[in-house]
$ cat input-v2.tsv   # TSV, C-alpha atoms
chain	number	residue	atom	x	y	z
J	902	MET	CA	5.03	0.76	-8.35
J	903	LEU	CA	5.68	-0.41	-11.92
J	904	ALA	CA	2.22	0.77	-12.99
J	905	HIS	CA	2.94	4.11	-11.32
J	906	GLN	CA	6.20	4.50	-13.23
J	907	SER	CA	4.59	3.42	-16.50
J	908	PHE	CA	1.76	5.93	-16.09
J	909	LEU	CA	4.13	8.82	-15.38
J	910	LYS	CA	6.38	7.85	-18.28
J	911	SER	CA	3.43	7.72	-20.68
J	912	ALA	CA	2.06	11.01	-19.40
J	913	SER	CA	5.43	12.74	-19.76
J	914	SER	CA	5.89	11.47	-23.32
J	915	LEU	CA	2.54	12.95	-24.30
J	916	GLU	CA	3.52	16.33	-22.88
J	917	GLU	CA	-0.03	16.68	-21.61
J	918	ILE	CA	0.61	16.53	-17.91
J	919	THR	CA	-0.27	18.61	-14.92
J	920	ASP	CA	1.32	18.48	-11.49
J	921	VAL	CA	-0.71	17.46	-8.46
J	922	LYS	CA	0.30	18.16	-4.90
J	923	ILE	CA	-1.12	16.15	-2.02
J	924	VAL	CA	-0.80	16.79	1.71
J	925	LEU	CA	-1.81	14.17	4.28
J	926	THR	CA	-2.78	15.59	7.66
J	927	ARG	CA	-3.38	14.02	11.06
J	928	PRO	CA	-5.21	15.23	14.18
J	929	ASP	CA	-1.85	16.04	15.85
J	930	GLU	CA	-1.27	18.61	13.05
J	931	SER	CA	1.36	16.49	11.32
J	932	ALA	CA	1.33	17.16	7.58
J	933	TYR	CA	3.17	15.18	4.89
J	934	SER	CA	3.57	16.61	1.40
J	935	PHE	CA	3.83	14.67	-1.87
J	936	LYS	CA	3.90	15.56	-5.55
J	937	THR	CA	2.96	13.58	-8.64
J	938	SER	CA	1.66	14.22	-12.16
J	939	ILE	CA	-1.51	13.29	-14.00
J	940	LEU	CA	-2.77	13.74	-17.52
J	941	ALA	CA	-4.17	17.17	-18.27
J	942	PRO	CA	-8.00	17.26	-18.09
J	943	LYS	CA	-8.28	17.68	-21.88
J	944	ALA	CA	-5.84	14.86	-22.67
J	945	LYS	CA	-7.23	11.95	-24.65
J	946	SER	CA	-6.64	9.40	-21.90
J	947	SER	CA	-7.45	11.63	-18.90
J	948	SER	CA	-10.00	9.06	-17.73
J	949	LEU	CA	-7.00	7.10	-16.40
J	950	ASN	CA	-6.36	9.83	-13.84
J	951	PHE	CA	-8.89	8.51	-11.35
J	952	PHE	CA	-7.42	5.00	-11.28
J	953	PHE	CA	-3.89	6.32	-10.98
J	954	LEU	CA	-4.63	8.87	-8.28
J	955	GLU	CA	-6.74	6.45	-6.23
J	956	ARG	CA	-3.88	3.93	-6.24
J	957	PHE	CA	-1.33	6.65	-5.46
J	958	ILE	CA	-3.34	7.92	-2.48
J	959	LYS	CA	-3.93	4.37	-1.24
J	960	CYS	CA	-0.16	3.81	-1.20
J	961	LEU	CA	0.33	7.03	0.77
J	962	LEU	CA	-2.41	6.10	3.23
J	963	TRP	CA	-0.84	2.77	4.09
J	964	SER	CA	2.75	4.00	4.13
J	965	ARG	CA	2.10	7.20	6.13
J	966	GLY	CA	-1.49	7.24	7.34
J	967	ALA	CA	-3.98	10.10	7.53
J	968	ALA	CA	-7.68	10.87	7.49
J	969	LYS	CA	-7.62	14.26	5.77
J	970	ILE	CA	-6.06	14.50	2.31
J	971	TYR	CA	-5.65	17.91	0.69
J	972	CYS	CA	-5.32	17.66	-3.08
J	973	THR	CA	-4.77	20.15	-5.94
J	974	ALA	CA	-6.17	17.81	-8.60
J	975	PRO	CA	-9.23	19.13	-10.49
J	976	ARG	CA	-12.31	19.39	-8.28
J	977	SER	CA	-14.15	16.81	-10.40
J	978	LEU	CA	-11.41	14.28	-9.67
J	979	CYS	CA	-11.46	15.03	-5.93
J	980	ASP	CA	-15.25	14.63	-5.95
J	981	ALA	CA	-14.91	11.27	-7.71
J	982	LEU	CA	-12.41	10.15	-5.08
J	983	ASN	CA	-14.77	11.15	-2.26
J	984	ARG	CA	-17.55	9.15	-3.91
J	985	HIS	CA	-15.19	6.18	-4.13
J	986	TYR	CA	-14.43	6.33	-0.40
J	987	ALA	CA	-18.12	6.79	0.43
J	988	SER	CA	-19.72	4.11	-1.75
J	989	ASN	CA	-17.13	1.64	-3.08
J	990	ALA	CA	-16.53	-1.32	-0.75
J	991	THR	CA	-12.74	-1.08	-1.04
J	992	GLY	CA	-12.81	2.68	-0.58
J	993	GLN	CA	-15.17	2.42	2.38
J	994	TRP	CA	-12.82	-0.01	4.10
J	995	ASP	CA	-9.85	2.35	3.67
J	996	ALA	CA	-11.90	5.34	4.85
J	997	GLU	CA	-13.26	3.54	7.91
J	998	MET	CA	-9.86	2.14	8.87
J	999	MET	CA	-7.92	5.40	8.43
J	1000	GLY	CA	-10.70	7.69	9.56
J	1001	HIS	CA	-12.72	6.30	12.44
J	1002	ARG	CA	-10.51	3.39	13.54
J	1003	ILE	CA	-7.02	4.89	13.49
J	1004	PHE	CA	-7.30	8.68	13.57
J	1005	GLU	CA	-10.84	8.94	14.97
J	1006	GLU	CA	-12.11	11.59	12.57
J	1007	ASP	CA	-14.07	11.61	9.31
J	1008	PHE	CA	-12.09	10.62	6.23
J	1009	GLU	CA	-12.10	13.22	3.47
J	1010	ILE	CA	-10.42	14.30	0.24
J	1011	ILE	CA	-10.29	18.11	0.33
J	1012	HIS	CA	-9.89	19.98	-2.96
J	1013	CYS	CA	-7.78	23.11	-2.62
J	1014	SER	CA	-5.38	25.38	-4.46
J	1015	GLU	CA	-1.64	25.03	-4.01
J	1016	ALA	CA	-1.63	28.25	-1.97
J	1017	ASP	CA	-4.09	26.75	0.51
J	1018	LEU	CA	-2.21	23.50	1.12
J	1019	PRO	CA	-1.20	22.93	4.76
J	1020	GLN	CA	2.48	23.44	5.45
J	1021	GLU	CA	4.51	20.28	5.93
J	1022	LYS	CA	5.09	19.46	9.58
J	1023	SER	CA	6.19	16.24	11.22
J	1024	HIS	CA	6.23	15.00	14.80
J	1025	THR	CA	8.86	12.41	15.62
J	1026	ALA	CA	9.38	10.48	18.81
J	1027	ASN	CA	12.89	10.00	20.15
J	1028	LEU	CA	12.65	6.25	20.64
J	1029	GLY	CA	15.48	3.76	21.01
J	1030	ARG	CA	19.20	3.91	21.77
J	1031	HIS	CA	18.58	4.68	25.44
J	1032	MET	CA	20.67	2.18	27.34
J	1033	GLU	CA	21.25	3.73	30.73
J	1034	GLY	CA	19.47	2.51	33.83
J	1035	CYS	CA	17.20	-0.46	34.40
J	1036	ARG	CA	14.89	-1.13	31.50
J	1037	ILE	CA	12.35	-3.70	30.33
J	1038	GLY	CA	11.69	-4.53	26.70
J	1039	PHE	CA	8.88	-6.71	25.38
J	1040	ASP	CA	7.37	-7.97	22.14
J	1041	LEU	CA	3.83	-9.33	21.97
J	1042	GLY	CA	3.22	-11.90	19.26
J	1043	GLY	CA	0.30	-14.11	18.41
J	1044	SER	CA	1.92	-17.25	19.83
J	1045	ASP	CA	4.43	-16.01	22.38
J	1046	ARG	CA	5.51	-12.93	24.26
J	1047	LYS	CA	9.17	-12.02	24.56
J	1048	ILE	CA	10.57	-10.17	27.52
J	1049	ALA	CA	14.02	-8.84	28.44
J	1050	ALA	CA	15.50	-6.98	31.38
J	1051	LEU	CA	18.56	-4.77	30.90
J	1052	ILE	CA	20.91	-2.86	33.17
J	1053	ASP	CA	22.92	-0.13	31.42
J	1054	GLY	CA	22.41	-1.87	28.09
J	1055	LYS	CA	23.43	-5.34	29.27
J	1056	THR	CA	20.79	-8.07	29.13
J	1057	VAL	CA	20.42	-9.71	32.53
J	1058	PHE	CA	17.29	-11.71	31.75
J	1059	SER	CA	15.29	-12.74	28.68
J	1060	GLU	CA	12.55	-15.26	28.06
J	1061	GLU	CA	9.90	-16.30	25.54
J	1062	ILE	CA	6.56	-17.28	27.03
J	1063	VAL	CA	3.89	-19.13	25.08
J	1064	TRP	CA	0.39	-17.64	25.11
J	1065	ASP	CA	-2.77	-17.65	23.02
J	1066	PRO	CA	-4.18	-14.10	22.97
J	1067	ILE	CA	-6.14	-14.01	19.71
J	1068	PRO	CA	-9.26	-15.99	20.78
J	1069	GLN	CA	-9.44	-14.39	24.23
J	1070	THR	CA	-12.58	-12.32	24.77
J	1071	ASP	CA	-11.81	-10.69	28.13
J	1072	PRO	CA	-9.55	-7.60	28.09
J	1073	GLN	CA	-8.58	-8.37	31.68
J	1074	TRP	CA	-6.98	-11.60	30.46
J	1075	HIS	CA	-4.70	-9.55	28.21
J	1076	TYR	CA	-3.92	-7.04	30.93
J	1077	ASP	CA	-3.06	-9.75	33.46
J	1078	HIS	CA	-0.78	-11.68	31.12
J	1079	ILE	CA	1.09	-8.59	29.97
J	1080	MET	CA	1.44	-7.33	33.54
J	1081	ASP	CA	2.67	-10.73	34.75
J	1082	THR	CA	5.30	-10.69	32.01
J	1083	LEU	CA	6.51	-7.23	33.00
J	1084	LYS	CA	6.60	-8.20	36.68
J	1085	LEU	CA	8.71	-11.25	35.82
J	1086	ALA	CA	11.31	-9.03	34.16
J	1087	ALA	CA	11.10	-6.48	36.97
J	1088	SER	CA	11.92	-9.21	39.50
J	1089	LYS	CA	15.37	-9.44	37.91
J	1090	LEU	CA	16.10	-5.71	38.33
J	1091	PRO	CA	16.79	-3.51	41.36
J	1092	ARG	CA	14.27	-1.00	39.96
J	1093	VAL	CA	12.48	-0.21	36.69
J	1094	ASP	CA	13.30	3.10	34.99
J	1095	ALA	CA	11.54	2.60	31.67
J	1096	ILE	CA	9.52	0.08	29.66
J	1097	GLY	CA	9.33	-0.23	25.89
J	1098	GLY	CA	7.61	-2.74	23.68
J	1099	SER	CA	6.26	-3.68	20.29
J	1100	ALA	CA	3.26	-5.58	19.00
J	1101	ALA	CA	1.59	-6.27	15.69
J	1102	GLY	CA	-0.99	-3.68	14.70
J	1103	VAL	CA	-1.39	0.08	14.66
J	1104	TYR	CA	-0.52	2.07	17.78
J	1105	VAL	CA	-0.80	5.86	18.00
J	1106	ASN	CA	0.52	7.65	21.09
J	1107	ASN	CA	0.49	4.35	23.00
J	1108	ARG	CA	-3.16	3.76	22.15
J	1109	VAL	CA	-4.26	0.55	20.44
J	1110	LYS	CA	-6.04	1.37	17.18
J	1111	VAL	CA	-5.98	-1.94	15.27
J	1112	ALA	CA	-4.39	-5.14	16.58
J	1113	SER	CA	-4.87	-8.83	15.83
J	1114	LEU	CA	-3.88	-9.69	19.41
J	1115	PHE	CA	-7.27	-8.41	20.53
J	1116	ARG	CA	-9.31	-9.91	17.71
J	1117	GLY	CA	-11.45	-11.91	20.12
J	1118	VAL	CA	-12.52	-8.86	22.12
J	1119	SER	CA	-15.90	-7.31	21.28
J	1120	GLU	CA	-15.94	-3.87	19.67
J	1121	SER	CA	-17.52	-2.28	22.74
J	1122	GLN	CA	-14.89	-3.71	25.09
J	1123	PHE	CA	-12.13	-2.86	22.66
J	1124	ASN	CA	-13.25	0.77	22.71
J	1125	SER	CA	-13.82	0.93	26.46
J	1126	ARG	CA	-10.76	-1.00	27.70
J	1127	VAL	CA	-8.30	-2.19	25.06
J	1128	LYS	CA	-7.68	1.14	23.33
J	1129	ASP	CA	-6.08	2.57	26.45
J	1130	LEU	CA	-4.69	-0.69	27.84
J	1131	PHE	CA	-1.06	0.41	27.59
J	1132	LEU	CA	-1.86	3.80	29.10
J	1133	GLU	CA	-3.45	1.88	31.97
J	1134	LEU	CA	-0.31	-0.22	32.31
J	1135	LYS	CA	1.82	2.92	32.30
J	1136	ARG	CA	-0.24	4.40	35.14
J	1137	ASP	CA	0.07	1.17	37.10
J	1138	TRP	CA	3.85	1.38	36.71
J	1139	GLY	CA	3.90	4.84	38.27
J	1140	ASN	CA	3.91	6.73	34.96
J	1141	ILE	CA	7.53	5.90	34.23
J	1142	PRO	CA	8.51	6.22	30.54
J	1143	PHE	CA	6.45	3.53	28.81
J	1144	GLU	CA	6.19	3.28	25.02
J	1145	VAL	CA	4.61	0.72	22.70
J	1146	VAL	CA	4.91	0.78	18.91
J	1147	ASN	CA	3.97	-1.47	16.02
J	1148	ASP	CA	6.54	-4.11	15.10
J	1149	GLY	CA	6.27	-4.03	11.33
$ encode --input "input-v2.tsv" --output "structure tokens"
Amino acid sequence: MLAHQSFLKSASSLEEITDVKIVLTRPDESAYSFKTSILAPKAKSSSLNFFFLERFIKCLLWSRGAAKIYCTAPRSLCDALNRHYASNATGQWDAEMMGHRIFEEDFEIIHCSEADLPQEKSHTANLGRHMEGCRIGFDLGGSDRKIAALIDGKTVFSEEIVWDPIPQTDPQWHYDHIMDTLKLAASKLPRVDAIGGSAAGVYVNNRVKVASLFRGVSESQFNSRVKDLFLELKRDWGNIPFEVVNDG
């Protein structure tokens, strides 16, 4: 952040700046727009632009997340960024994580004019502050799982249960332990109207994208079973409202 501010201050003092607009897009058509400035291509220190813009985009990737980045920077700079994400080890990691792991599409920096930038659009989920009815809340950590049962916003049961999920290799082990926890809370309620939970990692539309809880599971089993584990749990609870999000 300090380097970012210093770069922009230096660029502004030189009066050799050009604005750059960046739009991050996701497969669900969400689009997030940002604006910054870089040194003009003919400026003496314009070689700093790549370092600055790569750091700026990295910050956006890990604060918002996307696999397609539309950018109005000079084409040569966009090409250099694409080479970075294709051949540099750090860039490859970001591209693989954001592209194939999280959003399941190829990662790409797309050079375009300002007129061709996607329009900003966001999709928000109305989560939280729903207290009516009989609800279960859970949090899955690396050493324990927390569970609570509520009736009209009043907690009628809560417990922390020790477990050791990280070294476990069988997805069924995870399913069984999570289901047992939910059933324990359900036993304290006359019915279950909704379930909501959190866990460390990246979750998109209730699908597990990256999560340390399942570190012991092989890649093939992660893809075939773990990714949709919470959708499976939702089906097994009769498709009642069931949401899981990352906890940090």
$ atom_distance --input "input-v2.tsv" --atom1 "CA of Leu954 (chain J)" --atom2 "CA of Asp929 (chain J)"
25.3 Å
$ atom_distance --input "input-v2.tsv" --atom1 "CA of Ala1087 (chain J)" --atom2 "CA of Ile1141 (chain J)"
13.2 Å
$ atom_distance --input "input-v2.tsv" --atom1 "CA of Pro1066 (chain J)" --atom2 "CA of Leu1130 (chain J)"
14.3 Å
$ closest_residue --input "input-v2.tsv" --among "J:Ala944, J:Val1109, J:Ile1052, J:Ala1086" --to "Arg1002 (chain J)" --atoms "all atoms listed in the file"
J:Val1109
$ residues_around --input "input-v2.tsv" --residues "Phe952 (chain J)" --least-positions-apart "2" --cutoff "12 Å" --atoms "all atoms listed in the file" --output "JSON, numbers by chain"
{"J": [904, 905, 908, 939, 940, 946, 947, 948, 949, 950, 954, 955, 956, 957, 958, 959, 978, 981, 982, 985]}
$ axis_aligned_box --input "input-v2.tsv" --around "region 1092-1109 of chain J" --padding-each-side "3 Å" --output "lines of an AutoDock Vina configuration file"
center_x = 5.0
center_y = 0.7
center_z = 27.3
size_x = 24.5
size_y = 19.9
size_z = 31.3
$ residues_around --input "input-v2.tsv" --residues "Ser1014 (chain J)" --least-positions-apart "4" --cutoff "9 Å" --atoms "only C-alpha atoms" --output "PDB file with C-alpha atoms, in the frame of the given file"
ATOM      1  CA  CYS J 972      -5.320  17.660  -3.080  1.00  0.00           C
ATOM      2  CA  THR J 973      -4.770  20.150  -5.940  1.00  0.00           C
ATOM      3  CA  ALA J 974      -6.170  17.810  -8.600  1.00  0.00           C
ATOM      4  CA  LEU J1018      -2.210  23.500   1.120  1.00  0.00           C
TER       5      LEU J1018
END
$ residues_around --input "input-v2.tsv" --residues "Tyr986 (chain J)" --least-positions-apart "3" --cutoff "9 Å" --atoms "only C-alpha atoms" --output "PyMOL selection string"
chain J and resi 981-983+989-997+1008-1010
